[in-house]
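Student: Next up, input-v2.cif (mmCIF, C-alpha atoms).
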```cif
data_target
loop_
_atom_site.label_atom_id
_atom_site.label_comp_id
_atom_site.auth_asym_id
_atom_site.auth_seq_id
_atom_site.Cartn_x
_atom_site.Cartn_y
_atom_site.Cartn_z
CA MET A 64 16.60 20.38 -40.34
CA LEU A 65 14.68 18.58 -43.11
CA LEU A 66 11.88 20.90 -44.21
CA ASP A 67 8.88 19.63 -46.15
CA GLN A 68 7.90 22.12 -48.85
CA ARG A 69 4.24 21.83 -47.81
CA LEU A 70 5.16 23.34 -44.46
CA TYR A 71 7.03 26.29 -45.96
CA PRO A 72 4.11 28.75 -46.30
CA ARG A 73 2.81 27.68 -42.90
CA CYS A 74 6.14 28.54 -41.28
CA VAL A 75 6.16 31.97 -42.91
CA HIS A 76 2.54 33.03 -42.47
CA LYS A 77 1.24 31.00 -39.57
CA PRO A 78 3.87 29.56 -37.19
CA ARG A 79 3.01 26.15 -35.85
CA PRO A 80 5.09 23.31 -34.38
CA LEU A 81 7.23 21.30 -36.80
CA VAL A 82 8.17 17.67 -36.31
CA GLN A 83 10.64 17.77 -33.46
CA SER A 84 12.46 14.53 -34.29
CA LEU A 85 13.75 15.43 -37.75
CA ASN A 86 17.20 16.09 -36.35
CA VAL A 87 17.72 12.48 -35.29
CA LYS A 88 18.08 9.26 -37.22
CA LEU A 89 15.76 9.03 -40.19
CA SER A 90 15.50 7.26 -43.52
CA LEU A 91 13.84 7.87 -46.84
CA THR A 92 12.32 5.02 -48.78
CA SER A 93 11.29 6.04 -52.24
CA THR A 94 12.47 6.22 -55.83
CA GLN A 95 12.07 8.97 -58.35
CA LYS A 96 9.33 6.93 -60.03
CA LYS A 97 7.26 6.60 -56.88
CA ARG A 98 5.81 9.50 -54.95
CA PRO A 99 4.87 10.77 -52.50
CA PHE A 100 8.12 10.28 -50.63
CA LYS A 101 7.97 8.74 -47.19
CA VAL A 102 10.14 10.22 -44.48
CA TYR A 103 10.54 8.06 -41.38
CA THR A 104 11.66 9.54 -38.08
CA ASN A 105 11.91 7.90 -34.68
CA SER A 106 8.34 8.93 -33.86
CA SER A 107 6.44 9.65 -37.04
CA GLU A 108 5.98 9.04 -40.75
CA ILE A 109 5.54 11.90 -43.22
CA GLU A 110 4.38 11.73 -46.82
CA THR A 111 5.43 14.54 -49.12
CA HIS A 112 5.92 15.30 -52.80
CA SER A 113 9.04 17.42 -52.28
CA ILE A 114 11.86 17.65 -49.75
CA ILE A 115 14.38 20.38 -49.02
CA VAL A 116 17.47 18.88 -47.36
CA ALA A 117 19.13 21.45 -45.08
CA THR A 118 20.75 19.23 -42.47
CA GLY A 119 24.09 21.06 -42.64
CA ALA A 120 27.63 19.84 -42.08
CA GLU A 121 29.34 18.97 -38.82
CA SER A 122 32.88 20.14 -38.09
CA ASN A 123 35.42 17.36 -37.67
CA TRP A 124 37.01 17.35 -34.24
CA LEU A 125 40.20 15.94 -32.75
CA ASP A 126 38.47 13.94 -30.00
CA ILE A 127 41.15 14.73 -27.46
CA PRO A 128 40.90 15.61 -23.75
CA GLY A 129 39.74 19.16 -23.09
CA GLU A 130 38.31 19.74 -26.55
CA TYR A 131 34.65 19.16 -25.77
CA GLU A 132 34.82 20.71 -22.31
CA MET A 133 36.17 24.03 -23.63
CA ARG A 134 34.00 24.57 -26.68
CA GLY A 135 32.82 28.11 -26.27
CA GLY A 136 35.74 28.76 -23.95
CA GLY A 137 38.46 29.01 -26.58
CA VAL A 138 37.93 25.86 -28.65
CA SER A 139 36.30 26.69 -31.97
CA SER A 140 36.01 25.58 -35.59
CA CYS A 141 35.24 29.00 -37.06
CA ALA A 142 37.78 31.82 -37.09
CA ILE A 143 35.39 34.22 -38.81
CA CYS A 144 32.82 33.64 -36.04
CA ASP A 145 35.07 33.71 -32.97
CA GLY A 146 38.43 35.14 -34.02
CA ALA A 147 37.73 38.73 -33.00
CA ALA A 148 37.29 37.62 -29.36
CA PHE A 149 41.02 36.88 -29.19
CA TYR A 150 42.36 40.23 -30.28
CA GLN A 151 46.12 40.52 -29.68
CA LYS A 152 46.25 37.07 -28.10
CA ASP A 153 48.18 33.94 -29.09
CA VAL A 154 46.07 31.31 -30.82
CA VAL A 155 46.58 27.89 -32.40
CA VAL A 156 45.19 26.50 -35.66
CA VAL A 157 45.16 22.74 -36.23
CA GLY A 158 45.17 21.46 -39.81
CA GLY A 159 47.02 21.56 -43.11
CA GLY A 160 44.39 22.01 -45.82
CA ASP A 161 42.85 25.05 -47.44
CA SER A 162 40.46 25.55 -44.51
CA ALA A 163 43.33 25.70 -42.02
CA MET A 164 45.25 28.18 -44.18
CA GLU A 165 42.21 30.43 -44.49
CA GLU A 166 41.57 30.24 -40.73
CA ALA A 167 45.20 31.16 -39.99
CA LEU A 168 45.16 34.13 -42.36
CA VAL A 169 41.89 35.42 -40.90
CA LEU A 170 43.20 35.14 -37.35
CA ALA A 171 46.51 36.79 -38.27
CA ARG A 172 44.64 40.05 -38.87
CA THR A 173 43.72 40.42 -35.20
CA SER A 174 45.66 37.90 -33.10
CA LYS A 175 49.16 38.47 -31.82
CA ILE A 176 50.74 35.16 -32.87
CA VAL A 177 49.06 32.35 -34.81
CA THR A 178 50.69 28.92 -34.56
CA VAL A 179 49.67 26.34 -37.17
CA ILE A 180 49.98 22.73 -36.01
CA HIS A 181 50.31 20.14 -38.79
CA ARG A 182 51.01 16.42 -38.47
CA ARG A 183 53.03 16.23 -41.70
CA ASP A 184 56.07 18.04 -43.08
CA GLU A 185 54.14 19.84 -45.81
CA PHE A 186 50.69 21.33 -46.24
CA ARG A 187 47.93 19.73 -48.29
CA ALA A 188 46.60 23.17 -49.12
CA SER A 189 46.99 24.91 -52.46
CA LYS A 190 50.44 26.33 -53.12
CA VAL A 191 49.21 29.93 -53.11
CA LEU A 192 47.51 29.70 -49.72
CA ALA A 193 50.35 27.70 -48.18
CA GLN A 194 52.90 30.24 -49.39
CA ARG A 195 50.93 33.13 -47.93
CA VAL A 196 50.80 31.39 -44.56
CA MET A 197 54.48 30.50 -44.50
CA GLU A 198 55.51 34.05 -45.41
CA HIS A 199 53.18 35.82 -42.97
CA PRO A 200 55.15 37.55 -40.16
CA SER A 201 52.53 36.74 -37.49
CA ILE A 202 52.19 33.03 -38.27
CA ARG A 203 54.40 30.27 -36.88
CA ILE A 204 54.35 26.65 -38.08
CA LYS A 205 55.05 23.45 -36.17
CA TRP A 206 55.59 20.55 -38.58
CA ASN A 207 55.18 16.86 -37.75
CA THR A 208 53.19 17.76 -34.64
CA VAL A 209 49.81 16.79 -33.22
CA VAL A 210 47.75 18.15 -30.34
CA LYS A 211 47.42 15.57 -27.55
CA LYS A 212 45.45 17.62 -25.04
CA ILE A 213 43.93 21.06 -24.58
CA VAL A 214 44.48 22.54 -21.13
CA GLY A 215 42.64 25.34 -19.41
CA GLN A 216 41.40 26.73 -16.14
CA LYS A 217 38.02 27.26 -14.54
CA VAL A 218 36.78 30.81 -14.34
CA VAL A 219 33.72 32.01 -12.47
CA VAL A 220 31.51 33.76 -15.01
CA SER A 221 29.37 36.51 -13.52
CA GLU A 222 26.43 37.86 -15.49
CA LYS A 223 26.70 41.18 -13.67
CA ASP A 224 29.72 43.46 -13.76
CA THR A 225 30.44 43.72 -10.05
CA SER A 226 33.44 43.56 -7.80
CA ASP A 227 31.45 42.07 -4.96
CA GLU A 228 32.74 38.50 -4.70
CA ASP A 229 29.84 37.52 -2.44
CA SER A 230 27.38 38.18 -5.25
CA MET A 231 29.08 35.82 -7.70
CA ASP A 232 27.52 32.46 -8.50
CA LEU A 233 30.29 29.97 -7.79
CA ASP A 234 28.33 27.28 -9.61
CA ASN A 235 28.51 29.27 -12.85
CA GLU A 236 32.02 28.19 -13.82
CA GLN A 237 33.43 27.70 -17.31
CA MET A 238 36.66 26.24 -18.61
CA PHE A 239 38.80 28.57 -20.72
CA VAL A 240 41.78 27.57 -22.85
CA THR A 241 45.22 28.41 -21.53
CA GLY A 242 47.36 26.14 -23.70
CA ALA A 243 47.82 22.82 -25.46
CA ILE A 244 50.03 19.75 -25.08
CA LEU A 245 51.81 18.88 -28.33
CA SER A 246 53.56 15.73 -29.46
CA ASN A 247 56.13 15.34 -32.22
CA THR A 248 55.09 12.54 -34.60
CA GLU A 249 58.71 11.56 -35.32
CA THR A 250 60.35 11.70 -31.91
CA GLY A 251 57.33 11.41 -29.60
CA GLU A 252 58.63 14.35 -27.58
CA GLU A 253 55.91 16.33 -25.84
CA SER A 254 55.83 20.07 -25.29
CA LYS A 255 53.39 22.73 -24.17
CA ILE A 256 52.32 25.85 -25.98
CA ASP A 257 50.52 28.72 -24.28
CA CYS A 258 47.51 30.09 -26.14
CA ALA A 259 44.08 31.60 -25.58
CA ALA A 260 42.28 29.59 -28.23
CA VAL A 261 42.53 26.46 -30.38
CA PHE A 262 40.86 26.53 -33.79
CA VAL A 263 40.29 23.08 -35.25
CA ALA A 264 40.27 23.17 -39.06
CA ILE A 265 40.43 19.57 -40.23
CA GLY A 266 37.37 19.56 -42.46
CA HIS A 267 33.63 19.05 -42.27
CA THR A 268 31.31 16.08 -42.69
CA PRO A 269 27.91 16.83 -44.25
CA THR A 270 24.91 15.23 -42.55
CA THR A 271 23.83 13.39 -45.67
CA SER A 272 24.48 9.70 -44.99
CA PHE A 273 20.71 9.00 -44.84
CA LEU A 274 20.50 9.92 -48.55
CA LYS A 275 22.83 7.16 -49.75
CA ASP A 276 21.41 5.41 -52.85
CA ILE A 277 18.68 8.07 -53.07
CA VAL A 278 20.52 11.03 -54.65
CA ASP A 279 23.90 11.46 -56.34
CA PHE A 280 26.86 12.79 -54.37
CA ASP A 281 29.59 15.20 -55.49
CA GLU A 282 32.51 13.18 -56.83
CA ASP A 283 35.03 15.90 -55.93
CA HIS A 284 33.82 16.53 -52.37
CA ASP A 285 33.08 13.47 -50.28
CA GLY A 286 29.71 13.53 -48.56
CA TYR A 287 28.36 16.62 -50.30
CA LEU A 288 25.25 16.40 -52.46
CA LYS A 289 25.50 17.02 -56.18
CA THR A 290 23.18 19.69 -57.52
CA LEU A 291 22.20 20.29 -61.14
CA GLY A 292 23.73 23.40 -62.69
CA ARG A 293 23.27 26.52 -60.61
CA SER A 294 20.03 25.28 -59.09
CA THR A 295 19.39 23.43 -55.82
CA ARG A 296 17.88 20.41 -57.59
CA THR A 297 19.43 17.03 -56.97
CA SER A 298 19.51 13.96 -59.21
CA THR A 299 16.17 12.83 -57.75
CA PRO A 300 13.22 15.00 -58.87
CA GLY A 301 11.50 16.51 -55.86
CA ILE A 302 14.55 16.55 -53.59
CA PHE A 303 16.45 19.83 -53.21
CA ALA A 304 19.69 20.62 -51.37
CA ALA A 305 20.23 23.83 -49.38
CA GLY A 306 23.18 25.12 -47.39
CA ASP A 307 26.20 23.15 -46.29
CA VAL A 308 24.93 19.80 -47.58
CA SER A 309 25.93 20.95 -51.07
CA ASP A 310 28.35 23.80 -50.36
CA ALA A 311 31.91 22.62 -49.81
CA ILE A 312 33.45 26.05 -50.38
CA TYR A 313 31.80 28.88 -48.41
CA ARG A 314 30.00 27.20 -45.50
CA GLN A 315 28.70 30.45 -44.05
CA ALA A 316 25.33 31.17 -42.46
CA VAL A 317 24.53 33.98 -44.90
CA THR A 318 25.23 31.83 -47.97
CA SER A 319 23.18 28.99 -46.47
CA ALA A 320 20.26 31.35 -45.90
CA GLY A 321 20.37 32.43 -49.54
CA SER A 322 20.60 28.81 -50.64
CA GLY A 323 17.56 27.99 -48.53
CA ALA A 324 15.54 30.71 -50.24
CA ALA A 325 16.64 29.40 -53.64
CA ALA A 326 15.65 25.85 -52.68
CA ALA A 327 12.20 27.03 -51.61
CA LEU A 328 11.71 28.75 -54.96
CA ASP A 329 12.97 25.71 -56.88
CA ALA A 330 10.66 23.41 -54.93
CA GLU A 331 7.64 25.67 -55.45
CA ARG A 332 8.28 25.87 -59.19
CA TRP A 333 8.79 22.14 -59.44
CA LEU A 334 5.51 21.46 -57.64
CA SER A 335 3.72 23.78 -60.07
CA GLU A 336 5.38 22.14 -63.07
CA GLU A 337 4.29 18.73 -61.82
CA GLY A 338 0.71 19.93 -61.36
CA LEU A 339 0.73 19.13 -57.67
CA GLY A 340 -1.40 22.13 -56.69
CA ASN A 341 -0.95 25.66 -55.52
CA GLU A 342 0.41 25.29 -52.00
CA GLN A 343 -0.12 28.96 -51.17
CA ALA A 344 -3.74 28.93 -52.30
CA GLU A 345 -4.46 25.76 -50.36
CA PHE A 346 -2.97 27.29 -47.22
CA GLU A 347 -4.98 30.50 -47.59
CA ALA A 348 -8.18 28.51 -48.09
CA GLU A 349 -7.43 26.43 -45.01
CA LEU A 350 -6.65 29.53 -42.94
CA LEU A 351 -9.87 31.22 -44.08
CA ALA A 352 -11.89 28.15 -43.15
CA GLU A 353 -10.34 28.14 -39.67
CA LEU A 354 -11.10 31.84 -39.15
CA MET A 355 -14.70 31.37 -40.25
CA ALA A 356 -15.07 28.39 -37.92
CA ASP A 357 -13.73 30.49 -35.04
CA ASP A 358 -16.28 33.26 -35.78
CA GLN A 359 -19.16 30.80 -35.91
CA SER A 360 -18.19 29.31 -32.56
CA LYS A 361 -18.48 32.70 -30.82
CA PRO A 362 -21.92 33.66 -29.40
CA ALA A 363 -23.76 36.24 -31.47
CA VAL A 364 -24.19 39.66 -29.89
CA ASP A 365 -27.09 41.81 -31.15
CA ASN A 366 -27.27 45.61 -30.94
CA TYR A 367 -24.20 45.91 -28.72
CA ASN A 368 -23.47 49.47 -27.65
CA ALA A 369 -20.22 50.30 -25.87
CA TYR A 370 -21.77 53.44 -24.33
CA ASP A 371 -24.31 51.31 -22.49
CA ASP A 372 -21.49 49.54 -20.66
CA ALA A 373 -20.07 52.91 -19.66
CA GLY A 374 -23.45 54.10 -18.33
CA VAL A 375 -23.62 57.07 -20.72
CA ASN A 376 -26.89 58.29 -22.18
CA VAL A 377 -26.16 59.18 -25.80
CA SER A 378 -29.77 59.69 -26.90
CA GLY A 379 -30.06 62.80 -29.00
CA MET A 380 -26.29 63.44 -28.92
CA LYS A 381 -26.07 63.89 -32.67
CA GLU A 382 -28.85 66.46 -32.79
CA SER A 383 -27.62 68.44 -29.80
CA THR A 384 -24.07 68.47 -31.07
CA THR A 385 -25.20 69.67 -34.45
CA GLY A 386 -27.18 72.45 -32.85
CA GLU A 387 -24.20 73.65 -30.82
CA LEU A 388 -22.02 73.78 -33.92
#
```
For this file, write the structure as structure tokens.
Tutor:
Amino acid sequence: MLLDQRLYPRCVHKPRPLVQSLNVKLSLTSTQKKRPFKVYTNSSEIETHSIIVATGAESNWLDIPGEYEMRGGGVSSCAICDGAAFYQKDVVVVGGGDSAMEEALVLARTSKIVTVIHRRDEFRASKVLAQRVMEHPSIRIKWNTVVKKIVGQKVVVSEKDTSDEDSMDLDNEQMFVTGAILSNTETGEESKIDCAAVFVAIGHTPTTSFLKDIVDFDEDHDGYLKTLGRSTRTSTPGIFAAGDVSDAIYRQAVTSAGSGAAAALDAERWLSEEGLGNEQAEFEAELLAELMADDQSKPAVDNYNAYDDAGVNVSGMKESTTGEL
């Protein structure tokens, strides 16, 4: 999602539809000396003084048979998210970097056996992480091996817990992982490993290609945006980075949420520093004008009495009540 700072208070205080095509191909054509920025989507053009980039990062996949079909059925790229579902079951982790080591160690806490599949004869991960993985009693390693195919079986998923087979929806089937076909990179020999899940940990690609030549990228982490200091500001004034587009380390939803809040604050302060107006005040004035217009459009009702609609005669009620008391 690419969120215009001008829409931020509207999203918080008065929900209204955002541009639906911001998650598809777009381009920015502007320089830091020329504002407002122009954001082009496949169906619209938006002018804005500030931009918060929160388009995230996509997991890299193996692109092998069975991988796409069984996502959500045992194929995952996040052990922290899905690992607990495979308690005391055999699982596979594909990769050899720091991410793969961390995934394997997380899964080893709950899974029965964790098998790490790596295409080389040594890990690319840091020595400390690699050593922990190789010495862990619940982790096995297959060197010089790649996954050729993920195999599974169809299971009828019933929304209701019932033993009545006639009540099951046979069209509601899902593929679940039962194993993987492996291939040795040196001999070409194929083998099968039984497992309940395959965790792919071969890196992430930030969705930032549309910002090429507009902002600076992190030299140490390919594809990630470079931010200034501990802020969310990028090299181009008015453009801010939130979440996985600039975070190559944590990549968690909770850290992204915090980063998004920081980016909103940075953008608001920057707009104030640039003398571009008080966005909150403008929104409140606009909302007040809309409410007043709504009131004026309603027909005036003079001397309305709810008791008249109920057919109750309240004449003298105050005096009689007072007398009784």
Student: To one decimal place, how far is atom CA of Asp161 of chain A from atom CA of Leu192 of chain A in Å?
Tutor: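 Separation between atom CA of Asp161 of chain A and atom CA of Leu192 of chain A: 7.0 Å.
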Student: Could you tell me which residues the PyMOL selection byres ((chain A and resi 114-130) around 6) returns for this structure, as a VMD selection string?
Tutor: chain A and resid 64 to 67 113 131 to 133 212 to 213 266 to 270 302 to 308
Student: Take the PyMOL selection byres ((chain A and resi 298) around 6), run it mentally on this structure, and tell me the resulting residues as a list in words.
Tutor: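 That expression, the PyMOL selection byres ((chain A and resi 298) around 6), corresponds here to Val278, Asp279, Thr297 and Thr299 of chain A.
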Student: Find, counting only C-alpha atoms, the residue in A:Ile265, A:Val156, A:Ile277, A:Ala330 that gets nearest to Gly301 of chain A.
Tutor: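 Checking each candidate against Gly301 of chain A, we get A:Ala330 as the closest.
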Student: Do you know which residues the PyMOL selection byres ((chain A and resi 139) around 7) returns on this file, as JSON, numbers by chain?
Tutor: {"A": [134, 135, 137, 138, 140, 141, 261, 262, 263]}
Student: Using atom CA of Glu252 of chain A and atom CA of His181 of chain A as the two end points, give the distance in Å to one decimal.
Tutor: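 That distance, rounded to one decimal, is 15.1 Å.
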Student: Report the distance between atom CA of Lys205 of chain A and atom CA of Ala243 of chain A in Å, rounded to one decimal place.
Tutor: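 Atom CA of Lys205 of chain A sits 12.9 Å away from atom CA of Ala243 of chain A.
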Student: Ranking A:Ala171, A:Met164, A:Val218, A:Ala320 by minimum distance to Val191 of chain A and counting all atoms listed in the file, which one comes first?
Tutor: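 Nearest candidate to Val191 of chain A out of A:Ala171, A:Met164, A:Val218, A:Ala320: A:Met164.
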Student: Which residue, A:Tyr287, A:Pro300, A:Ala167, A:Ser254, has the smallest gap to Leu334 of chain A when you use only C-alpha atoms?
Tutor: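 For Leu334 of chain A, the nearest of the given residues is A:Pro300.
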Student: From the list A:Thr111, A:Ala311, A:Val169, A:Glu331, which residue is nearest His284 of chain A when using all atoms listed in the file?
Tutor: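 Ranking A:Thr111, A:Ala311, A:Val169, A:Glu331 by distance to His284 of chain A, first place goes to A:Ala311.
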Student: Give me, as an NGL selection string, all polymer residues having an atom no more than 12 Å from Ile180 of chain A, counting only C-alpha atoms and skipping those fewer than 4 positions away in the same chain.
Tutor: :A and (154-160 or 163-164 or 167 or 184-186 or 202-211 or 243-248 or 256 or 261-265)
Student: Determine the nearest neighbour of Ser162 of chain A from the options A:Leu354, A:Thr241, A:His112, A:Ile143, counting all atoms listed in the file.
Tutor: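 Counting all atoms listed in the file, the residue closest to Ser162 of chain A is A:Ile143.
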Student: With distances taken over all atoms listed in the file, which of A:Leu274, A:Ser319, A:Asp329, A:Gly215 is nearest to Val102 of chain A?
Tutor: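 Nearest to Val102 of chain A: A:Leu274.
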